[in-house]
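Asker: Before I ask anything, here is the structure I am working with.
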Amino acid sequence: LWQLPSPSNRWAKAIAGNWETSGIWTWQSGFPLNITSGSDTSFSLPENGDDQAQVSCTPRYTSGSRNQRIASWFDTSCFSVPADNSFGNVGRNTLIGPGTFNFDLGLHKSFNITEHTNLQLRGEFFNAFNHTLLNNPDTSVADDNFGRITSARSPRIIQIALKVRF
């Protein structure tokens, strides 16, 4: 929380004084991706439900435009369903999903009512720059959307509130 400097003039202070701002900046690499077969090919007991996939080449990310990377985040041709009665050979968390760059901003102005009471007008902007925050791609070889990013997190959200402090 940063209290912005106030001017000394009474009228200027009424308009430009008592402002505070806050921010949260998040910049992180993506979350690990675990590529699965989509079925229990090992016939484990108790039933595993989702074995690792079979990998046949070095996994690599798709290059190209943003739309091309959304349509296929990684090269899906390297992965397949393992043969029956076998486990897949791909390691856990072999690839990384899309990263995050986000900035949340808050702006607050206080109006003094009495010596011990004030009214605060608050504006809060989540994902202030409306940067697209992609979710992880589908990681199940058996799915039609395998390797594709099909969703994103919330766009910019603005919230305005009045708060009485006493």
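Labels for the structure tokens follow display order: chains A, B, ..., residues from 1 in each chain, ligands from 1.
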List the spatial neighbours of Lys109 of chain A as a PyMOL selection string - criterion: any atom at most 8 Å away, only C-alpha atoms, same-chain residues fewer than 6 positions off excluded.

Answerer: chain A and resi 17-20+120-122

Asker: Determine, for each residue of segment 47-101 of chain A having at least one atom at most 12 Å from an atom of segment 36-40 of chain A, the closest pair of atoms and their separation in Å to one decimal, counting only C-alpha atoms; order by chain and ascending number, as CSV.

Answerer:
```
residue,atom,partner,partner_atom,distance
A:Glu47,CA,A:Asp40,CA,6.9
A:Asn48,CA,A:Asp40,CA,5.9
A:Gly49,CA,A:Asp40,CA,4.7
A:Asp50,CA,A:Ser39,CA,4.7
A:Asp51,CA,A:Ser37,CA,5.5
A:Gln52,CA,A:Thr36,CA,4.3
A:Ala53,CA,A:Ser37,CA,4.3
A:Gln54,CA,A:Ser37,CA,7.5
A:Val55,CA,A:Ser37,CA,10.3
A:Thr76,CA,A:Thr36,CA,11.9
A:Phe79,CA,A:Ser37,CA,8.6
A:Ser80,CA,A:Ser37,CA,7.0
A:Val81,CA,A:Ser37,CA,5.0
A:Pro82,CA,A:Ser37,CA,7.1
A:Ala83,CA,A:Ser37,CA,10.2
A:Asp84,CA,A:Asp40,CA,8.6
A:Asn85,CA,A:Asp40,CA,8.9
A:Ser86,CA,A:Asp40,CA,9.3
A:Phe87,CA,A:Asp40,CA,8.7
A:Gly88,CA,A:Ser37,CA,7.6
A:Asn89,CA,A:Thr36,CA,10.2
A:Val90,CA,A:Thr36,CA,8.5
A:Gly91,CA,A:Thr36,CA,9.9
A:Arg92,CA,A:Thr36,CA,9.0
A:Asn93,CA,A:Thr36,CA,10.3
A:Thr94,CA,A:Thr36,CA,11.0
```

Asker: Between atom CA of Ser56 of chain A and atom CA of Cys78 of chain A, what distance in Å does the model show, to one decimal?

Answerer: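 For atom CA of Ser56 of chain A relative to atom CA of Cys78 of chain A, the distance reads 5.2 Å.
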
Asker: Can you work out which one of A:Thr41, A:Asn67, A:Thr62, A:Thr100 has the shortest atom-to-atom distance to Thr150 of chain A, counting only C-alpha atoms?

Answerer: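 Of the candidates, the smallest distance to Thr150 of chain A is held by A:Asn67.
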
Asker: Could you tell me, as a ChimeraX atom specification, which residues of segment 4-132 of chain A DSSP assigns to helix (DSSP H, G or I) when given the backbone?

Answerer: /A:10-16,66-71,76-78

Asker: Any chance you could export the current selection's all heavy atoms as a short mmCIF file (atom, residue, chain, number, x, y, z; two decimals), in the first residue's frame?

Answerer:
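Written output follows (again38.cif):
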```cif
data_model
loop_
_atom_site.label_atom_id
_atom_site.label_comp_id
_atom_site.auth_asym_id
_atom_site.auth_seq_id
_atom_site.Cartn_x
_atom_site.Cartn_y
_atom_site.Cartn_z
N ARG A 10 -5.55 23.79 0.47
CA ARG A 10 -6.77 23.16 1.01
C ARG A 10 -7.66 22.59 -0.09
O ARG A 10 -8.15 21.46 0.02
CB ARG A 10 -7.53 24.19 1.83
CG ARG A 10 -8.80 23.65 2.43
CD ARG A 10 -9.49 24.71 3.26
NE ARG A 10 -10.76 24.19 3.72
CZ ARG A 10 -11.80 24.93 3.95
NH1 ARG A 10 -11.76 26.22 3.77
NH2 ARG A 10 -12.92 24.39 4.39
N TRP A 11 -7.90 23.35 -1.16
CA TRP A 11 -8.80 22.90 -2.22
C TRP A 11 -8.15 21.82 -3.07
O TRP A 11 -8.81 20.86 -3.46
CB TRP A 11 -9.24 24.08 -3.09
CG TRP A 11 -10.08 25.04 -2.30
CD1 TRP A 11 -9.70 26.27 -1.84
CD2 TRP A 11 -11.40 24.82 -1.83
NE1 TRP A 11 -10.71 26.83 -1.11
CE2 TRP A 11 -11.79 25.95 -1.09
CE3 TRP A 11 -12.32 23.78 -1.94
CZ2 TRP A 11 -13.02 26.09 -0.49
CZ3 TRP A 11 -13.56 23.91 -1.34
CH2 TRP A 11 -13.90 25.04 -0.63
N ALA A 12 -6.89 21.95 -3.33
CA ALA A 12 -6.17 20.92 -4.09
C ALA A 12 -6.10 19.62 -3.29
O ALA A 12 -6.22 18.52 -3.84
CB ALA A 12 -4.77 21.39 -4.45
N LYS A 13 -5.96 19.76 -1.95
CA LYS A 13 -5.90 18.58 -1.09
C LYS A 13 -7.25 17.86 -1.07
O LYS A 13 -7.30 16.62 -1.02
CB LYS A 13 -5.48 18.97 0.32
CG LYS A 13 -5.25 17.78 1.22
CD LYS A 13 -4.69 18.21 2.57
CE LYS A 13 -4.38 16.98 3.38
NZ LYS A 13 -3.70 17.33 4.62
N ALA A 14 -8.34 18.62 -1.14
CA ALA A 14 -9.67 18.00 -1.16
C ALA A 14 -9.85 17.11 -2.38
O ALA A 14 -10.52 16.07 -2.31
CB ALA A 14 -10.74 19.08 -1.12
N ILE A 15 -9.24 17.48 -3.50
CA ILE A 15 -9.38 16.70 -4.73
C ILE A 15 -8.25 15.69 -4.89
O ILE A 15 -8.49 14.50 -5.16
CB ILE A 15 -9.41 17.64 -5.95
CG1 ILE A 15 -10.65 18.53 -5.88
CG2 ILE A 15 -9.39 16.85 -7.25
CD1 ILE A 15 -10.66 19.66 -6.86
N ALA A 16 -7.03 16.13 -4.71
CA ALA A 16 -5.86 15.28 -5.01
C ALA A 16 -5.22 14.68 -3.77
O ALA A 16 -4.21 13.97 -3.88
CB ALA A 16 -4.82 16.09 -5.78
N ARG A 66 0.51 -17.09 -31.80
CA ARG A 66 -0.18 -17.43 -30.55
C ARG A 66 -1.34 -18.39 -30.82
O ARG A 66 -1.56 -19.34 -30.08
CB ARG A 66 -0.67 -16.15 -29.89
CG ARG A 66 -1.34 -16.38 -28.57
CD ARG A 66 -1.84 -15.05 -27.99
NE ARG A 66 -2.42 -15.27 -26.69
CZ ARG A 66 -1.84 -14.99 -25.55
NH1 ARG A 66 -0.64 -14.47 -25.53
NH2 ARG A 66 -2.45 -15.22 -24.41
N ASN A 67 -2.08 -18.16 -31.90
CA ASN A 67 -3.20 -19.04 -32.24
C ASN A 67 -2.73 -20.45 -32.56
O ASN A 67 -3.40 -21.42 -32.22
CB ASN A 67 -4.01 -18.46 -33.40
CG ASN A 67 -4.84 -17.27 -32.98
OD1 ASN A 67 -5.11 -17.07 -31.80
ND2 ASN A 67 -5.24 -16.46 -33.93
N GLN A 68 -1.59 -20.58 -33.23
CA GLN A 68 -1.05 -21.90 -33.53
C GLN A 68 -0.63 -22.62 -32.25
O GLN A 68 -0.83 -23.83 -32.11
CB GLN A 68 0.14 -21.78 -34.48
CG GLN A 68 -0.25 -21.37 -35.89
CD GLN A 68 0.95 -21.04 -36.74
OE1 GLN A 68 1.93 -20.48 -36.26
NE2 GLN A 68 0.87 -21.38 -38.01
N ARG A 69 -0.06 -21.87 -31.30
CA ARG A 69 0.35 -22.49 -30.03
C ARG A 69 -0.85 -22.85 -29.17
O ARG A 69 -0.81 -23.83 -28.43
CB ARG A 69 1.30 -21.57 -29.28
CG ARG A 69 2.68 -21.50 -29.97
CD ARG A 69 3.65 -20.62 -29.26
NE ARG A 69 3.26 -19.24 -29.51
CZ ARG A 69 3.30 -18.27 -28.60
NH1 ARG A 69 3.73 -18.50 -27.40
NH2 ARG A 69 2.92 -17.05 -28.92
N ILE A 70 -1.94 -22.08 -29.26
CA ILE A 70 -3.17 -22.43 -28.53
C ILE A 70 -3.78 -23.70 -29.13
O ILE A 70 -4.24 -24.58 -28.41
CB ILE A 70 -4.17 -21.26 -28.55
CG1 ILE A 70 -3.66 -20.13 -27.64
CG2 ILE A 70 -5.56 -21.71 -28.12
CD1 ILE A 70 -4.46 -18.85 -27.73
N ALA A 71 -3.77 -23.81 -30.45
CA ALA A 71 -4.33 -24.98 -31.12
C ALA A 71 -3.53 -26.24 -30.83
O ALA A 71 -4.07 -27.35 -30.81
CB ALA A 71 -4.41 -24.74 -32.62
N THR A 76 2.02 -33.20 -30.49
CA THR A 76 1.25 -34.35 -29.99
C THR A 76 1.63 -35.66 -30.67
O THR A 76 1.31 -36.73 -30.16
CB THR A 76 -0.26 -34.10 -30.16
OG1 THR A 76 -0.54 -33.87 -31.54
CG2 THR A 76 -0.72 -32.90 -29.34
N SER A 77 2.32 -35.57 -31.81
CA SER A 77 2.67 -36.80 -32.54
C SER A 77 3.70 -37.65 -31.79
O SER A 77 3.90 -38.82 -32.12
CB SER A 77 3.19 -36.46 -33.94
OG SER A 77 4.41 -35.75 -33.85
N CYS A 78 4.35 -37.08 -30.79
CA CYS A 78 5.35 -37.83 -30.00
C CYS A 78 4.71 -38.76 -28.97
O CYS A 78 5.41 -39.57 -28.37
CB CYS A 78 6.28 -36.87 -29.28
SG CYS A 78 7.40 -35.99 -30.36
#
```

Asker: Which value, in Å to one decimal, gives the distance between atom CA of Gln28 of chain A and atom CA of Leu134 of chain A?

Answerer: 12.5 Å

Asker: Give the answer as one residue: which of A:Gly106, A:Pro98, A:Gly123, A:Gly64 has the shortest atom-to-atom distance to Ile24 of chain A, using only C-alpha atoms?

Answerer: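 Result for the nearest residue to Ile24 of chain A: A:Gly106.
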
Asker: Rank nothing, just name the residue among A:Leu95, A:Leu107, A:Ile35, A:Ile157 nearest to Gln3 of chain A, using only C-alpha atoms.

Answerer: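 Ranking A:Leu95, A:Leu107, A:Ile35, A:Ile157 by distance to Gln3 of chain A, first place goes to A:Leu107.
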
Asker: Measuring atom to atom with only C-alpha atoms, identify which of A:Ala128, A:Ile158, A:Ile149, A:Val164 is nearest to Asn112 of chain A.

Answerer: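 Looking only at the distances to Asn112 of chain A, the closest residue turns out to be A:Val164.
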
Asker: So, counting only C-alpha atoms, which residue among A:Pro5, A:Ser72, A:Pro32, A:Thr26 is closest to Asp144 of chain A?

Answerer: A:Ser72
